[in-house]
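Visitor: Data file start-v8.csv (CSV, N, CA and C atoms and all ligand atoms) is appended below.
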chain,number,residue,atom,x,y,z
A,201,MET,N,0.8,-1.2,0.0
A,201,MET,CA,0.0,0.0,0.0
A,201,MET,C,0.9,1.2,0.0
A,202,ASP,N,0.6,2.1,-1.0
A,202,ASP,CA,1.4,3.4,-1.0
A,202,ASP,C,0.8,4.4,0.0
A,203,ARG,N,1.5,4.7,1.0
A,203,ARG,CA,1.0,5.6,2.0
A,203,ARG,C,1.6,7.1,1.9
A,204,SER,N,2.2,7.3,0.8
A,204,SER,CA,2.9,8.6,0.6
A,204,SER,C,1.9,9.8,0.4
A,205,HIS,N,0.6,9.5,0.2
A,205,HIS,CA,-0.3,10.6,0.1
A,205,HIS,C,-1.2,10.8,1.3
A,206,ASP,N,-0.9,10.0,2.3
A,206,ASP,CA,-1.8,10.0,3.5
A,206,ASP,C,-2.1,11.3,4.2
A,207,GLU,N,-1.1,12.2,4.2
A,207,GLU,CA,-1.2,13.5,4.9
A,207,GLU,C,-1.9,14.6,4.0
A,208,ARG,N,-2.2,14.3,2.8
A,208,ARG,CA,-2.9,15.3,1.9
A,208,ARG,C,-4.3,15.5,2.5
A,209,GLU,N,-4.8,16.7,2.2
A,209,GLU,CA,-6.1,17.0,2.8
A,209,GLU,C,-7.1,17.5,1.7
A,210,VAL,N,-8.4,17.2,1.9
A,210,VAL,CA,-9.4,17.7,1.0
A,210,VAL,C,-10.6,18.0,1.8
A,211,TYR,N,-11.5,18.9,1.3
A,211,TYR,CA,-12.7,19.2,2.0
A,211,TYR,C,-13.7,18.1,1.5
A,212,CYS,N,-14.3,17.5,2.5
A,212,CYS,CA,-15.3,16.4,2.2
A,212,CYS,C,-16.7,17.0,2.2
A,213,ARG,N,-17.3,16.9,1.1
A,213,ARG,CA,-18.7,17.4,0.9
A,213,ARG,C,-19.7,16.5,1.6
A,214,MET,N,-19.4,15.3,1.8
A,214,MET,CA,-20.3,14.4,2.5
A,214,MET,C,-20.3,14.6,4.0
A,215,LEU,N,-19.2,14.8,4.6
A,215,LEU,CA,-19.1,15.0,6.0
A,215,LEU,C,-19.0,16.5,6.5
A,216,GLY,N,-18.7,17.4,5.5
A,216,GLY,CA,-18.7,18.8,5.8
A,216,GLY,C,-17.4,19.3,6.6
A,217,HIS,N,-16.3,18.6,6.4
A,217,HIS,CA,-15.1,19.1,7.0
A,217,HIS,C,-13.9,18.5,6.2
A,218,VAL,N,-12.7,19.0,6.6
A,218,VAL,CA,-11.5,18.6,5.9
A,218,VAL,C,-11.1,17.2,6.4
A,219,LEU,N,-10.6,16.4,5.5
A,219,LEU,CA,-10.2,15.0,5.8
A,219,LEU,C,-8.8,14.7,5.2
A,220,ALA,N,-8.1,13.9,5.8
A,220,ALA,CA,-6.8,13.4,5.3
A,220,ALA,C,-7.1,12.2,4.3
A,221,PHE,N,-6.2,12.1,3.3
A,221,PHE,CA,-6.3,11.0,2.4
A,221,PHE,C,-6.4,9.6,3.0
A,222,ARG,N,-5.6,9.5,4.1
A,222,ARG,CA,-5.6,8.2,4.8
A,222,ARG,C,-7.0,7.7,5.2
A,223,TYR,N,-7.9,8.7,5.5
A,223,TYR,CA,-9.2,8.3,5.9
A,223,TYR,C,-10.0,7.9,4.6
A,224,CYS,N,-9.9,8.7,3.6
A,224,CYS,CA,-10.6,8.4,2.3
A,224,CYS,C,-10.2,7.0,1.7
A,225,ARG,N,-9.0,6.6,1.9
A,225,ARG,CA,-8.5,5.4,1.2
A,225,ARG,C,-8.9,4.1,2.1
A,226,ALA,N,-9.4,4.3,3.3
A,226,ALA,CA,-9.7,3.2,4.1
A,226,ALA,C,-11.0,3.2,4.9
A,227,MET,N,-11.9,4.1,4.5
A,227,MET,CA,-13.1,4.3,5.3
A,227,MET,C,-14.2,3.3,5.1
A,228,GLN,N,-14.1,2.4,4.1
A,228,GLN,CA,-15.1,1.4,3.9
A,228,GLN,C,-14.5,0.0,4.3
A,229,GLU,N,-14.4,-0.3,5.6
A,229,GLU,CA,-13.9,-1.5,6.0
A,229,GLU,C,-12.5,-1.7,5.4
A,230,GLY,N,-11.7,-0.7,5.4
A,230,GLY,CA,-10.3,-0.8,4.9
A,230,GLY,C,-10.2,-0.4,3.4
A,231,LEU,N,-11.3,-0.3,2.7
A,231,LEU,CA,-11.3,0.0,1.3
A,231,LEU,C,-11.7,1.5,1.2
A,232,PRO,N,-11.4,2.1,0.0
A,232,PRO,CA,-11.6,3.5,-0.1
A,232,PRO,C,-13.1,3.9,-0.2
A,233,CYS,N,-13.4,5.1,0.0
A,233,CYS,CA,-14.7,5.7,-0.2
A,233,CYS,C,-15.1,5.6,-1.7
A,234,SER,N,-16.3,5.3,-2.0
A,234,SER,CA,-16.7,5.1,-3.4
A,234,SER,C,-16.6,6.4,-4.2
A,235,ARG,N,-16.5,7.6,-3.5
A,235,ARG,CA,-16.4,8.9,-4.1
A,235,ARG,C,-14.9,9.3,-4.3
A,236,ILE,N,-14.0,8.5,-4.0
A,236,ILE,CA,-12.6,8.9,-4.0
A,236,ILE,C,-12.1,9.5,-5.3
A,237,LEU,N,-12.6,8.9,-6.4
A,237,LEU,CA,-12.1,9.4,-7.7
A,237,LEU,C,-12.6,10.9,-7.9
A,238,ASP,N,-13.8,11.2,-7.5
A,238,ASP,CA,-14.4,12.5,-7.7
A,238,ASP,C,-13.7,13.5,-6.8
A,239,CYS,N,-13.4,13.1,-5.6
A,239,CYS,CA,-12.8,14.1,-4.6
A,239,CYS,C,-11.4,14.4,-4.8
A,240,TRP,N,-10.6,13.4,-5.4
A,240,TRP,CA,-9.2,13.6,-5.4
A,240,TRP,C,-8.5,13.8,-6.7
A,241,PHE,N,-9.3,13.8,-7.8
A,241,PHE,CA,-8.7,13.8,-9.1
A,241,PHE,C,-7.9,15.1,-9.4
A,242,GLU,N,-8.3,16.2,-8.8
A,242,GLU,CA,-7.6,17.5,-9.0
A,242,GLU,C,-6.3,17.6,-8.2
A,243,LEU,N,-6.2,16.8,-7.2
A,243,LEU,CA,-5.1,16.9,-6.2
A,243,LEU,C,-4.0,15.9,-6.4
A,244,MET,N,-4.3,14.8,-7.1
A,244,MET,CA,-3.3,13.7,-7.3
A,244,MET,C,-3.7,12.8,-8.4
A,245,ASP,N,-2.9,11.9,-8.8
A,245,ASP,CA,-3.3,10.9,-9.9
A,245,ASP,C,-4.0,9.8,-9.2
A,246,ILE,N,-5.2,10.0,-8.8
A,246,ILE,CA,-6.0,9.1,-8.0
A,246,ILE,C,-6.3,7.8,-8.8
A,247,ARG,N,-6.5,7.9,-10.1
A,247,ARG,CA,-6.8,6.7,-10.9
A,247,ARG,C,-5.7,5.7,-10.9
A,248,THR,N,-4.4,6.3,-11.0
A,248,THR,CA,-3.3,5.4,-10.9
A,248,THR,C,-3.1,4.8,-9.5
A,249,PHE,N,-3.3,5.6,-8.5
A,249,PHE,CA,-3.2,5.2,-7.2
A,249,PHE,C,-4.2,4.0,-6.9
A,250,VAL,N,-5.4,4.1,-7.3
A,250,VAL,CA,-6.4,3.1,-7.1
A,250,VAL,C,-6.1,1.8,-7.9
A,251,ALA,N,-5.7,2.0,-9.2
A,251,ALA,CA,-5.3,0.9,-10.0
A,251,ALA,C,-4.1,0.1,-9.5
A,252,GLU,N,-3.2,0.8,-8.9
A,252,GLU,CA,-2.0,0.1,-8.4
A,252,GLU,C,-2.1,-0.4,-7.0
A,253,ASN,N,-3.1,-0.1,-6.3
A,253,ASN,CA,-3.2,-0.5,-4.9
A,253,ASN,C,-4.3,-1.4,-4.5
A,254,TYR,N,-5.2,-1.7,-5.5
A,254,TYR,CA,-6.3,-2.6,-5.2
A,254,TYR,C,-6.5,-3.6,-6.3
A,255,THR,N,-7.0,-4.8,-5.8
A,255,THR,CA,-7.3,-5.8,-6.8
A,255,THR,C,-8.6,-5.6,-7.6
A,256,ARG,N,-8.8,-6.3,-8.6
A,256,ARG,CA,-10.0,-6.2,-9.4
A,256,ARG,C,-11.2,-6.4,-8.5
A,257,GLN,N,-11.1,-7.5,-7.7
A,257,GLN,CA,-12.2,-7.8,-6.8
A,257,GLN,C,-12.5,-6.6,-5.8
A,258,GLU,N,-11.5,-6.0,-5.3
A,258,GLU,CA,-11.6,-4.9,-4.4
A,258,GLU,C,-12.2,-3.7,-5.1
A,259,LEU,N,-11.8,-3.5,-6.4
A,259,LEU,CA,-12.4,-2.4,-7.1
A,259,LEU,C,-13.8,-2.6,-7.4
A,260,ARG,N,-14.3,-3.8,-7.6
A,260,ARG,CA,-15.7,-4.1,-7.8
A,260,ARG,C,-16.5,-3.7,-6.5
A,261,ARG,N,-15.9,-4.1,-5.4
A,261,ARG,CA,-16.5,-3.8,-4.1
A,261,ARG,C,-16.6,-2.3,-3.8
A,262,ILE,N,-15.5,-1.6,-4.1
A,262,ILE,CA,-15.4,-0.1,-3.9
A,262,ILE,C,-16.4,0.6,-4.7
A,263,PHE,N,-16.5,0.3,-6.0
A,263,PHE,CA,-17.4,1.1,-6.9
A,263,PHE,C,-18.7,0.4,-7.3
A,264,ALA,N,-19.1,-0.6,-6.5
A,264,ALA,CA,-20.4,-1.3,-6.8
A,264,ALA,C,-21.5,-0.3,-6.5
A,265,PRO,N,-22.5,-0.2,-7.4
A,265,PRO,CA,-23.6,0.7,-7.2
A,265,PRO,C,-24.3,0.3,-5.9
A,266,SER,N,-24.7,1.2,-5.1
A,266,SER,CA,-25.5,0.9,-4.0
A,266,SER,C,-26.9,0.5,-4.4
A,267,PRO,N,-27.5,-0.4,-3.7
A,267,PRO,CA,-28.9,-0.8,-4.1
A,267,PRO,C,-29.8,0.4,-4.1
A,268,SER,N,-30.7,0.4,-5.2
A,268,SER,CA,-31.6,1.5,-5.3
A,268,SER,C,-32.7,1.3,-4.2
A,269,ARG,N,-33.4,2.4,-3.9
A,269,ARG,CA,-34.5,2.4,-2.9
A,269,ARG,C,-35.5,1.3,-3.3
A,270,LEU,N,-35.8,1.3,-4.6
A,270,LEU,CA,-36.8,0.3,-5.0
A,270,LEU,C,-36.4,-1.1,-4.8
A,271,ASP,N,-35.1,-1.4,-5.1
A,271,ASP,CA,-34.5,-2.8,-4.8
A,271,ASP,C,-34.6,-3.1,-3.3
A,272,THR,N,-34.3,-2.1,-2.5
A,272,THR,CA,-34.4,-2.3,-1.0
A,272,THR,C,-35.8,-2.6,-0.6
A,273,ILE,N,-36.8,-1.9,-1.1
A,273,ILE,CA,-38.2,-2.1,-0.8
A,273,ILE,C,-38.7,-3.5,-1.2
A,274,CYS,N,-38.3,-3.9,-2.5
A,274,CYS,CA,-38.7,-5.2,-3.0
A,274,CYS,C,-38.1,-6.3,-2.1
A,275,GLU,N,-36.8,-6.1,-1.7
A,275,GLU,CA,-36.2,-7.1,-0.8
A,275,GLU,C,-36.9,-7.3,0.5
A,276,VAL,N,-37.4,-6.2,1.1
A,276,VAL,CA,-38.1,-6.3,2.3
A,276,VAL,C,-39.5,-7.0,2.1
A,277,VAL,N,-40.2,-6.6,1.0
A,277,VAL,CA,-41.5,-7.2,0.8
A,277,VAL,C,-41.3,-8.7,0.6
A,278,ASN,N,-40.3,-9.1,-0.2
A,278,ASN,CA,-40.1,-10.5,-0.4
A,278,ASN,C,-39.8,-11.3,0.9
A,279,ARG,N,-39.0,-10.7,1.7
A,279,ARG,CA,-38.6,-11.3,3.0
A,279,ARG,C,-39.9,-11.5,3.9
A,280,LEU,N,-40.8,-10.4,3.9
A,280,LEU,CA,-42.0,-10.5,4.7
A,280,LEU,C,-42.9,-11.6,4.1
A,281,ARG,N,-43.0,-11.7,2.8
A,281,ARG,CA,-43.8,-12.8,2.2
A,281,ARG,C,-43.3,-14.2,2.5
A,282,ARG,N,-42.0,-14.3,2.5
A,282,ARG,CA,-41.4,-15.6,2.9
A,282,ARG,C,-41.7,-16.0,4.3
A,283,GLN,N,-41.6,-15.0,5.2
A,283,GLN,CA,-41.9,-15.2,6.6
A,283,GLN,C,-43.4,-15.6,6.8
A,284,GLU,N,-44.2,-14.9,6.1
A,284,GLU,CA,-45.7,-15.2,6.2
A,284,GLU,C,-46.0,-16.6,5.7
A,285,GLN,N,-45.3,-16.9,4.6
A,285,GLN,CA,-45.5,-18.3,4.0
A,285,GLN,C,-45.0,-19.3,5.0
A,286,GLU,N,-43.9,-19.1,5.6
A,286,GLU,CA,-43.3,-20.1,6.5
A,286,GLU,C,-44.2,-20.2,7.7
A,287,SER,N,-44.8,-19.1,8.2
A,287,SER,CA,-45.7,-19.2,9.4
A,287,SER,C,-47.0,-20.0,9.1
A,288,THR,N,-47.5,-19.9,7.9
A,288,THR,CA,-48.7,-20.6,7.5
A,288,THR,C,-48.5,-22.0,7.2
A,289,ASP,N,-47.2,-22.4,6.8
A,289,ASP,CA,-46.8,-23.7,6.5
A,289,ASP,C,-46.5,-24.6,7.7
A,290,GLU,N,-46.3,-23.9,8.9
A,290,GLU,CA,-45.9,-24.7,10.1
A,290,GLU,C,-47.1,-25.6,10.6
A,291,PRO,N,-46.8,-26.8,10.9
A,291,PRO,CA,-47.8,-27.7,11.4
A,291,PRO,C,-48.4,-27.2,12.7
A,292,ALA,N,-49.7,-27.5,13.0
A,292,ALA,CA,-50.3,-27.1,14.2
A,292,ALA,C,-49.7,-27.9,15.4
A,293,GLY,N,-49.4,-27.2,16.5
A,293,GLY,CA,-48.8,-27.9,17.7
A,293,GLY,C,-49.9,-28.6,18.4
A,294,PRO,N,-49.5,-29.4,19.5
A,294,PRO,CA,-50.5,-30.2,20.3
A,294,PRO,C,-51.6,-29.3,20.9
A,295,GLU,N,-51.1,-28.1,21.3
A,295,GLU,CA,-52.1,-27.2,22.0
A,295,GLU,C,-53.1,-26.5,21.0
A,296,ASP,N,-52.7,-26.6,19.7
A,296,ASP,CA,-53.6,-26.0,18.6
A,296,ASP,C,-54.7,-26.9,18.2
A,297,GLY,N,-54.5,-28.2,18.4
A,297,GLY,CA,-55.4,-29.0,17.7
A,297,GLY,C,-56.3,-29.8,18.4
B,1,LIG,S1,-13.5,10.4,-0.8
B,1,LIG,FE1,-15.4,10.2,0.5
B,1,LIG,S2,-14.7,10.5,2.6
B,1,LIG,FE2,-13.1,11.3,1.2
B,1,LIG,S3,-13.6,13.5,0.9
B,1,LIG,FE3,-14.6,12.4,-0.7
B,1,LIG,S4,-16.7,11.9,0.0
B,1,LIG,FE4,-15.4,12.5,1.8
What would you get if you wrote out this structure as structure tokens?
Guide:
Amino acid sequence: MDRSHDEREVYCRMLGHVLAFRYCRAMQEGLPCSRILDCWFELMDIRTFVAENYTRQELRRIFAPSPSRLDTICEVVNRLRRQEQESTDEPAGPEDG
């Protein structure tokens, strides 16, 4: 890992204050913030940094689109349907019958 840029600073529009690069490159469970390319392109060669310091698999995780609101709602509805189906499929207990 190249740590030579760690002390550089940028104003973070997401958090509303100045941050050091070391935070931006590790804030997602050790992986960079998904906005790192947008925030740092004017200050350093961020594309090269990212390409040289992360694997393809890590890059997919870093820049994976977050699930849309509709996807999240559908997931919750499907989970509730499954739970409802499972509760109606359960056999009656001795006290029920
Ligand atoms: S990369 Fe993320 S954490 Fe860093 S300044 Fe940009 S939005 Fe903020």
Visitor: Take the point (-8.9, 12.3, 5.3) as written in the file and pick out every residue within 7 Å of it, counting all atoms listed in the file; give the list as a PyMOL selection string.
Guide: chain A and resi 206+208-210+218-225
Visitor: What residues have any atom no more than 6 Å from ligand LIG 1 (chain B) when counting only C-alpha atoms and all ligand atoms, and can you list them as a PyMOL selection string?
Guide: chain A and resi 210-214+224+233+235-236+239
Visitor: What is the atom C of A:Phe263-atom CA of A:Leu280 distance in Å, reported with one decimal?
Guide: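 Computing the Euclidean distance for atom C of A:Phe263 and atom CA of A:Leu280 yields 28.4 Å.
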Visitor: Please indicate the distance in Å from atom CA of A:Ser266 to atom CA of A:Glu242, rounded to one decimal place.
Guide: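 We find that atom CA of A:Ser266 and atom CA of A:Glu242 lie 24.9 Å from each other.
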Visitor: Please give the complete set of residues from chain A that DSSP, run on the backbone, assigns to strand (DSSP E), formatted as a list in words.
Guide: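 Strand (DSSP E) members of chain A, listed: Glu209, Val210, Tyr211, Cys212, His217, Val218, Leu219 and Ala220 of chain A.
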Visitor: If you keep N, CA and C atoms, can you produce a file of those selected residues as a compact mmCIF listing (two decimals), in the coordinates of the input?
Guide:
# COMPACT_ATOMS: atom_id res chain seq x y z
N GLU A 209 -4.80 16.70 2.20
CA GLU A 209 -6.10 17.00 2.80
C GLU A 209 -7.10 17.50 1.70
N VAL A 210 -8.40 17.20 1.90
CA VAL A 210 -9.40 17.70 1.00
C VAL A 210 -10.60 18.00 1.80
N TYR A 211 -11.50 18.90 1.30
CA TYR A 211 -12.70 19.20 2.00
C TYR A 211 -13.70 18.10 1.50
N CYS A 212 -14.30 17.50 2.50
CA CYS A 212 -15.30 16.40 2.20
C CYS A 212 -16.70 17.00 2.20
N HIS A 217 -16.30 18.60 6.40
CA HIS A 217 -15.10 19.10 7.00
C HIS A 217 -13.90 18.50 6.20
N VAL A 218 -12.70 19.00 6.60
CA VAL A 218 -11.50 18.60 5.90
C VAL A 218 -11.10 17.20 6.40
N LEU A 219 -10.60 16.40 5.50
CA LEU A 219 -10.20 15.00 5.80
C LEU A 219 -8.80 14.70 5.20
N ALA A 220 -8.10 13.90 5.80
CA ALA A 220 -6.80 13.40 5.30
C ALA A 220 -7.10 12.20 4.30
Visitor: So which bits of chain A end up helix (DSSP H, G or I) when you DSSP the backbone, as number ranges by chain?
Guide: A: 221-224, 236-240, 246-253, 256-263, 269-289
Visitor: Record the distance separating atom CA of A:Arg279 and atom CA of A:Ile262, expressed in Å with one decimal.
Guide: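 So the two atoms, atom CA of A:Arg279 and atom CA of A:Ile262, lie 26.7 Å apart.
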Visitor: I'd like to know which of A:Val277, A:Ala251, A:Ile246, A:Ala264 is closest to A:Ser234, using all atoms listed in the file.
Guide: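 Checking each of A:Val277, A:Ala251, A:Ile246, A:Ala264 against A:Ser234, counting all atoms listed in the file, the winner is A:Ala264.
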Visitor: Would you pick out the contacts of A:Asp202 at 10 Å or less, using only C-alpha atoms, so that residues sharing its chain but fewer than 4 positions from it are not included, and give the list as an MDAnalysis selection string?
Guide: chainID A and resid 206 249:250 252:253
